[in-house]
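The file work-v2.txt contains compact mmCIF, C-alpha atoms and all ligand atoms:
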# COMPACT_ATOMS: atom_id res chain seq x y z
CA MET A 1 5.12 4.23 -15.42
CA ILE A 2 3.64 1.51 -13.23
CA LYS A 3 5.22 1.13 -9.82
CA ILE A 4 5.46 -2.18 -7.99
CA SER A 5 5.40 -2.20 -4.19
CA PRO A 6 6.20 -5.65 -2.74
CA SER A 7 4.45 -6.30 0.57
CA ILE A 8 6.90 -7.62 3.14
CA LEU A 9 3.98 -9.28 4.94
CA SER A 10 4.82 -12.31 2.80
CA ALA A 11 8.58 -12.09 3.38
CA ASP A 12 10.50 -14.46 5.64
CA PHE A 13 10.69 -12.39 8.83
CA ALA A 14 13.66 -14.41 10.05
CA LYS A 15 15.73 -12.91 7.22
CA LEU A 16 13.94 -9.65 6.58
CA GLY A 17 17.05 -7.50 6.02
CA GLU A 18 18.43 -9.93 3.46
CA GLN A 19 15.11 -10.15 1.60
CA ILE A 20 14.82 -6.37 1.46
CA GLU A 21 18.35 -6.14 0.06
CA ARG A 22 17.23 -8.48 -2.71
CA LEU A 23 14.55 -5.96 -3.65
CA ASN A 24 17.38 -3.49 -4.40
CA SER A 25 18.40 -5.55 -7.40
CA SER A 26 14.78 -6.12 -8.50
CA ASP A 27 12.67 -3.95 -10.77
CA VAL A 28 10.52 -2.42 -8.00
CA GLU A 29 10.13 1.16 -6.82
CA MET A 30 8.71 0.78 -3.32
CA VAL A 31 8.53 -1.45 -0.28
CA HIS A 32 5.01 -1.92 1.10
CA ILE A 33 4.97 -2.16 4.88
CA ASP A 34 1.79 -3.63 6.39
CA VAL A 35 1.28 -2.54 9.98
CA MET A 36 -1.58 -4.36 11.78
CA ASP A 37 -2.82 -3.86 15.32
CA GLY A 38 -5.04 -6.89 15.98
CA SER A 39 -8.00 -4.55 16.43
CA PHE A 40 -8.72 -2.81 13.14
CA VAL A 41 -7.78 -6.09 11.45
CA PRO A 42 -7.66 -9.58 12.95
CA ASN A 43 -3.88 -9.92 12.77
CA ILE A 44 -0.78 -8.33 14.33
CA THR A 45 2.45 -7.64 12.45
CA PHE A 46 5.08 -5.12 13.57
CA GLY A 47 5.54 -1.44 14.31
CA ALA A 48 7.91 1.46 13.80
CA PRO A 49 10.93 -0.11 15.62
CA VAL A 50 11.08 -3.01 13.15
CA MET A 51 10.65 -0.61 10.25
CA LYS A 52 13.52 1.51 11.52
CA CYS A 53 15.79 -1.56 11.51
CA ILE A 54 15.06 -2.42 7.88
CA ARG A 55 15.38 1.19 6.69
CA LYS A 56 19.15 0.79 6.49
CA TYR A 57 18.93 -2.03 3.92
CA THR A 58 17.41 0.03 1.10
CA ASP A 59 16.78 3.50 -0.30
CA LYS A 60 13.53 2.41 -1.97
CA ILE A 61 10.39 4.35 -1.13
CA PHE A 62 8.87 3.10 2.15
CA ASP A 63 5.14 2.83 1.51
CA VAL A 64 3.57 2.32 4.93
CA HIS A 65 0.04 0.87 5.11
CA LEU A 66 -1.36 1.42 8.59
CA MET A 67 -4.15 -1.00 9.42
CA ILE A 68 -4.57 0.38 12.92
CA GLU A 69 -7.28 2.21 14.86
CA GLU A 70 -6.80 5.96 15.31
CA PRO A 71 -3.63 5.98 13.23
CA ALA A 72 -2.81 9.63 13.99
CA ARG A 73 -1.37 8.45 17.31
CA TYR A 74 1.52 6.75 15.53
CA ILE A 75 2.23 8.95 12.49
CA GLU A 76 5.20 10.71 14.04
CA ASP A 77 6.82 7.40 15.03
CA PHE A 78 6.60 6.13 11.46
CA VAL A 79 7.95 9.38 10.05
CA LYS A 80 10.94 9.12 12.39
CA ALA A 81 11.44 5.48 11.40
CA GLY A 82 11.80 6.50 7.73
CA ALA A 83 8.38 6.43 6.05
CA ASP A 84 8.03 8.16 2.66
CA ILE A 85 4.30 7.55 2.17
CA ILE A 86 1.87 6.89 5.00
CA THR A 87 -1.56 5.47 4.22
CA VAL A 88 -4.34 5.37 6.79
CA HIS A 89 -7.73 3.71 6.56
CA TYR A 90 -10.79 5.90 6.12
CA GLU A 91 -12.67 3.46 8.38
CA ALA A 92 -10.15 3.73 11.24
CA ASP A 93 -10.13 7.50 11.65
CA ARG A 94 -12.96 9.87 12.62
CA HIS A 95 -11.00 12.87 11.35
CA ILE A 96 -9.58 11.79 8.05
CA ASP A 97 -9.09 15.35 6.74
CA ARG A 98 -7.11 16.33 9.81
CA THR A 99 -4.99 13.19 9.67
CA VAL A 100 -4.16 13.62 5.97
CA ASN A 101 -2.96 17.15 6.63
CA TYR A 102 -1.08 16.01 9.72
CA ILE A 103 0.81 13.39 7.67
CA LYS A 104 1.69 16.00 5.04
CA SER A 105 2.91 18.43 7.70
CA PHE A 106 5.91 16.13 8.18
CA GLY A 107 6.80 16.40 4.49
CA VAL A 108 5.76 12.82 3.69
CA LYS A 109 3.07 11.79 1.23
CA ALA A 110 -0.41 10.92 2.50
CA GLY A 111 -2.60 8.05 1.34
CA VAL A 112 -6.14 7.00 2.24
CA ALA A 113 -7.18 3.34 2.03
CA LEU A 114 -10.69 1.98 1.54
CA ASN A 115 -11.86 -1.49 2.53
CA PRO A 116 -13.81 -3.41 -0.12
CA GLY A 117 -17.17 -2.49 1.44
CA THR A 118 -16.47 1.26 1.61
CA PRO A 119 -17.68 3.30 -1.37
CA VAL A 120 -15.35 5.58 -3.33
CA SER A 121 -17.76 8.49 -2.79
CA VAL A 122 -16.33 9.04 0.73
CA LEU A 123 -13.22 10.44 -0.96
CA GLU A 124 -14.97 13.24 -2.81
CA ASN A 125 -14.15 16.00 -0.35
CA ILE A 126 -10.53 15.03 0.25
CA ILE A 127 -9.40 13.87 -3.19
CA ASN A 128 -7.47 17.11 -3.82
CA SER A 129 -5.50 16.79 -0.59
CA VAL A 130 -4.35 13.18 -0.86
CA ASP A 131 -1.30 11.92 -2.74
CA MET A 132 -2.50 8.33 -2.97
CA VAL A 133 -5.70 6.32 -2.75
CA LEU A 134 -5.38 2.64 -1.82
CA ILE A 135 -8.21 0.44 -2.99
CA MET A 136 -8.16 -2.78 -0.98
CA THR A 137 -8.95 -5.67 -3.29
CA VAL A 138 -9.21 -8.14 -0.38
CA ASN A 139 -10.42 -7.60 3.17
CA PRO A 140 -7.28 -6.48 4.99
CA GLY A 141 -5.52 -8.67 7.52
CA PHE A 142 -3.76 -11.42 5.61
CA GLY A 143 -1.64 -12.07 2.57
CA GLY A 144 -2.47 -14.69 -0.04
CA GLN A 145 -6.22 -14.01 -0.33
CA LYS A 146 -8.30 -14.01 -3.48
CA TYR A 147 -8.87 -10.79 -5.44
CA ILE A 148 -12.43 -9.46 -4.96
CA GLU A 149 -13.71 -8.75 -8.43
CA TYR A 150 -16.21 -5.97 -7.65
CA CYS A 151 -13.31 -3.81 -6.43
CA SER A 152 -12.22 -3.35 -10.05
CA GLU A 153 -15.18 -1.00 -10.52
CA LYS A 154 -13.96 1.04 -7.56
CA VAL A 155 -10.53 1.41 -9.15
CA LYS A 156 -12.24 2.73 -12.29
CA GLU A 157 -14.22 5.20 -10.18
CA VAL A 158 -11.06 6.48 -8.48
CA LYS A 159 -9.41 6.82 -11.89
CA ALA A 160 -12.35 8.92 -13.13
CA LEU A 161 -12.22 11.10 -10.01
CA SER A 162 -8.49 11.56 -10.46
CA GLU A 163 -8.89 12.61 -14.11
CA LYS A 164 -11.26 15.36 -13.01
CA ARG A 165 -9.79 16.48 -9.72
CA ASN A 166 -6.21 15.24 -9.10
CA LYS A 167 -4.22 14.12 -12.11
CA GLU A 168 -1.09 13.40 -10.06
CA LEU A 169 -2.92 10.95 -7.80
CA MET A 170 -1.26 7.59 -7.16
CA ILE A 171 -3.88 4.84 -7.37
CA GLN A 172 -2.77 1.80 -5.45
CA VAL A 173 -4.34 -1.66 -5.39
CA ASP A 174 -3.58 -4.17 -2.67
CA GLY A 175 -4.58 -7.79 -2.29
CA GLY A 176 -4.69 -10.87 -4.51
CA ILE A 177 -2.63 -9.40 -7.33
CA ASP A 178 -0.36 -11.67 -9.34
CA ALA A 179 0.81 -12.18 -12.93
CA SER A 180 -2.69 -13.30 -13.96
CA ASN A 181 -4.47 -10.02 -13.13
CA ILE A 182 -1.80 -7.30 -12.83
CA LYS A 183 -2.41 -6.00 -16.35
CA TYR A 184 -6.14 -5.94 -15.77
CA VAL A 185 -5.89 -3.76 -12.64
CA VAL A 186 -3.64 -1.37 -14.53
CA GLU A 187 -6.21 -1.18 -17.33
CA CYS A 188 -8.79 -0.29 -14.66
CA GLY A 189 -6.62 2.67 -13.62
CA ALA A 190 -4.17 1.48 -10.95
CA ASN A 191 -0.61 2.81 -11.17
CA VAL A 192 0.93 1.43 -7.95
CA ILE A 193 0.64 -2.32 -7.52
CA VAL A 194 1.10 -4.05 -4.18
CA ALA A 195 2.06 -7.72 -4.41
CA GLY A 196 2.96 -9.87 -1.42
CA SER A 197 2.85 -13.58 -2.08
CA ALA A 198 3.36 -13.05 -5.83
CA VAL A 199 6.78 -11.48 -5.06
CA PHE A 200 8.03 -13.50 -2.09
CA LYS A 201 6.80 -17.00 -2.97
CA ASN A 202 9.32 -19.82 -3.45
CA ASP A 203 12.18 -17.61 -2.28
CA ALA A 204 12.45 -16.37 -5.89
CA ILE A 205 12.05 -12.62 -5.44
CA GLU A 206 13.98 -11.44 -8.51
CA GLU A 207 12.32 -13.93 -10.89
CA ASN A 208 8.87 -13.28 -9.44
CA VAL A 209 9.24 -9.53 -10.00
CA GLN A 210 10.39 -10.19 -13.56
CA LYS A 211 7.24 -12.27 -14.17
CA LEU A 212 5.05 -9.42 -12.95
CA ARG A 213 6.89 -6.95 -15.22
CA GLU A 214 6.50 -9.35 -18.17
CA ALA A 215 2.79 -9.68 -17.47
CA LEU A 216 2.46 -5.89 -17.69
CA LYS A 217 3.73 -5.80 -21.30
C1 LIG A 301 -3.49 -7.31 3.38
C2 LIG A 301 -2.27 -6.45 3.12
C3 LIG A 301 -1.65 -6.70 1.81
C4 LIG A 301 -1.17 -8.11 1.61
C5 LIG A 301 -1.12 -8.42 0.17
O1 LIG A 301 -4.12 -6.90 4.52
O2 LIG A 301 -2.59 -5.08 3.19
O3 LIG A 301 -0.61 -5.76 1.56
O4 LIG A 301 0.08 -8.34 2.17
O5 LIG A 301 -0.74 -9.74 0.01
P1 LIG A 301 -1.06 -10.55 -1.32
O6 LIG A 301 -0.40 -9.82 -2.45
O7 LIG A 301 -0.45 -11.88 -1.05
O8 LIG A 301 -2.55 -10.59 -1.44
ZN ZN A 302 -1.12 -3.55 2.42
Here is a file; write its structure as structure tokens.
Ligand code: DX5
Ligand code: ZN
Amino acid sequence: MIKISPSILSADFAKLGEQIERLNSSDVEMVHIDVMDGSFVPNITFGAPVMKCIRKYTDKIFDVHLMIEEPARYIEDFVKAGADIITVHYEADRHIDRTVNYIKSFGVKAGVALNPGTPVSVLENIINSVDMVLIMTVNPGFGGQKYIEYCSEKVKEVKALSEKRNKELMIQVDGGIDASNIKYVVECGANVIVAGSAVFKNDAIEENVQKLREALK
């Protein structure tokens, strides 16, 4: 079963609650929440207080993607604000093993994200402890960028690692995914698909999700 996780980075922030309610009647399993600090990535979005406000609009899984330096400082805040999965960047944390276990100590699932330039081999020692690996298929910071083709090979590598070491692993891809390439990334091994602009464009959330589901057939 392939899960779709719409990224609210591409939503209309002036009517965020309403747009999240529209996801309730769409064929998606998660809500992808992109938190950016203007330091790890060259953009700033929002933090736990905003997330707490939108939590009351849906029961969907809150899939929180922290693009912030030293993310361990904020894990507890995001847990309290209603996170179900928290993903931190390998590149932003000197103690990734400790942080993964810290996230899990709150009873939420832990993910580790890799930028395009970071090799999959850095996951070898922690692959048994993580619930999800996020392969960035664009350089993080902005929605609406073009899919970076060489990242497909990384998704295949994570899939191979998962077959050997962690069969339950969620393999998430994020960046530049739309109806034209969603099936391809799934064939490479992804099972959780983030889509921002492909879901929120033209204020046609429900139809856009349907198009992605159709493209998966
Ligand atoms: C990029 C974010 C993505 C982004 C995806 O830094 O992590 O989640 O919103 O947007 P699209 O699907 O438009 O590439
Ligand atoms: Zn993201």
| said: Can you pull out every residue with an atom within 9 Å of ligand LIG 301 (chain A)? Use all atoms listed in the file and format it as JSON, numbers by chain. | reply: {"A": [6, 7, 8, 9, 10, 32, 33, 34, 35, 36, 41, 43, 65, 66, 67, 136, 137, 138, 139, 140, 141, 142, 143, 144, 145, 146, 147, 173, 174, 175, 176, 177, 178, 194, 195, 196, 197, 198, 199, 200]}
| note | Of A:Ile68, A:Ala179, A:Val130, A:Ala110, the one nearest to Gly38 (chain A) when counting all atoms listed in the file is A:Ile68
| Two-atom distance - CA of Ala72 (chain A), CA of Asp131 (chain A) (Å) | 17.0 Å
| request: Mind giving me the straight-line distance from CA of His95 (chain A) to CA of Asn191 (chain A) in Å, one decimal? | output: 26.8 Å
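Between Asn125 (chain A) and the candidates A:Leu212, A:Arg73, A:Val108, A:Leu161, the tightest atom-to-atom separation, counting all atoms listed in the file, involves A:Leu161.
Between CA of Met1 (chain A) and CA of Arg213 (chain A) lies a distance of 11.3 Å.
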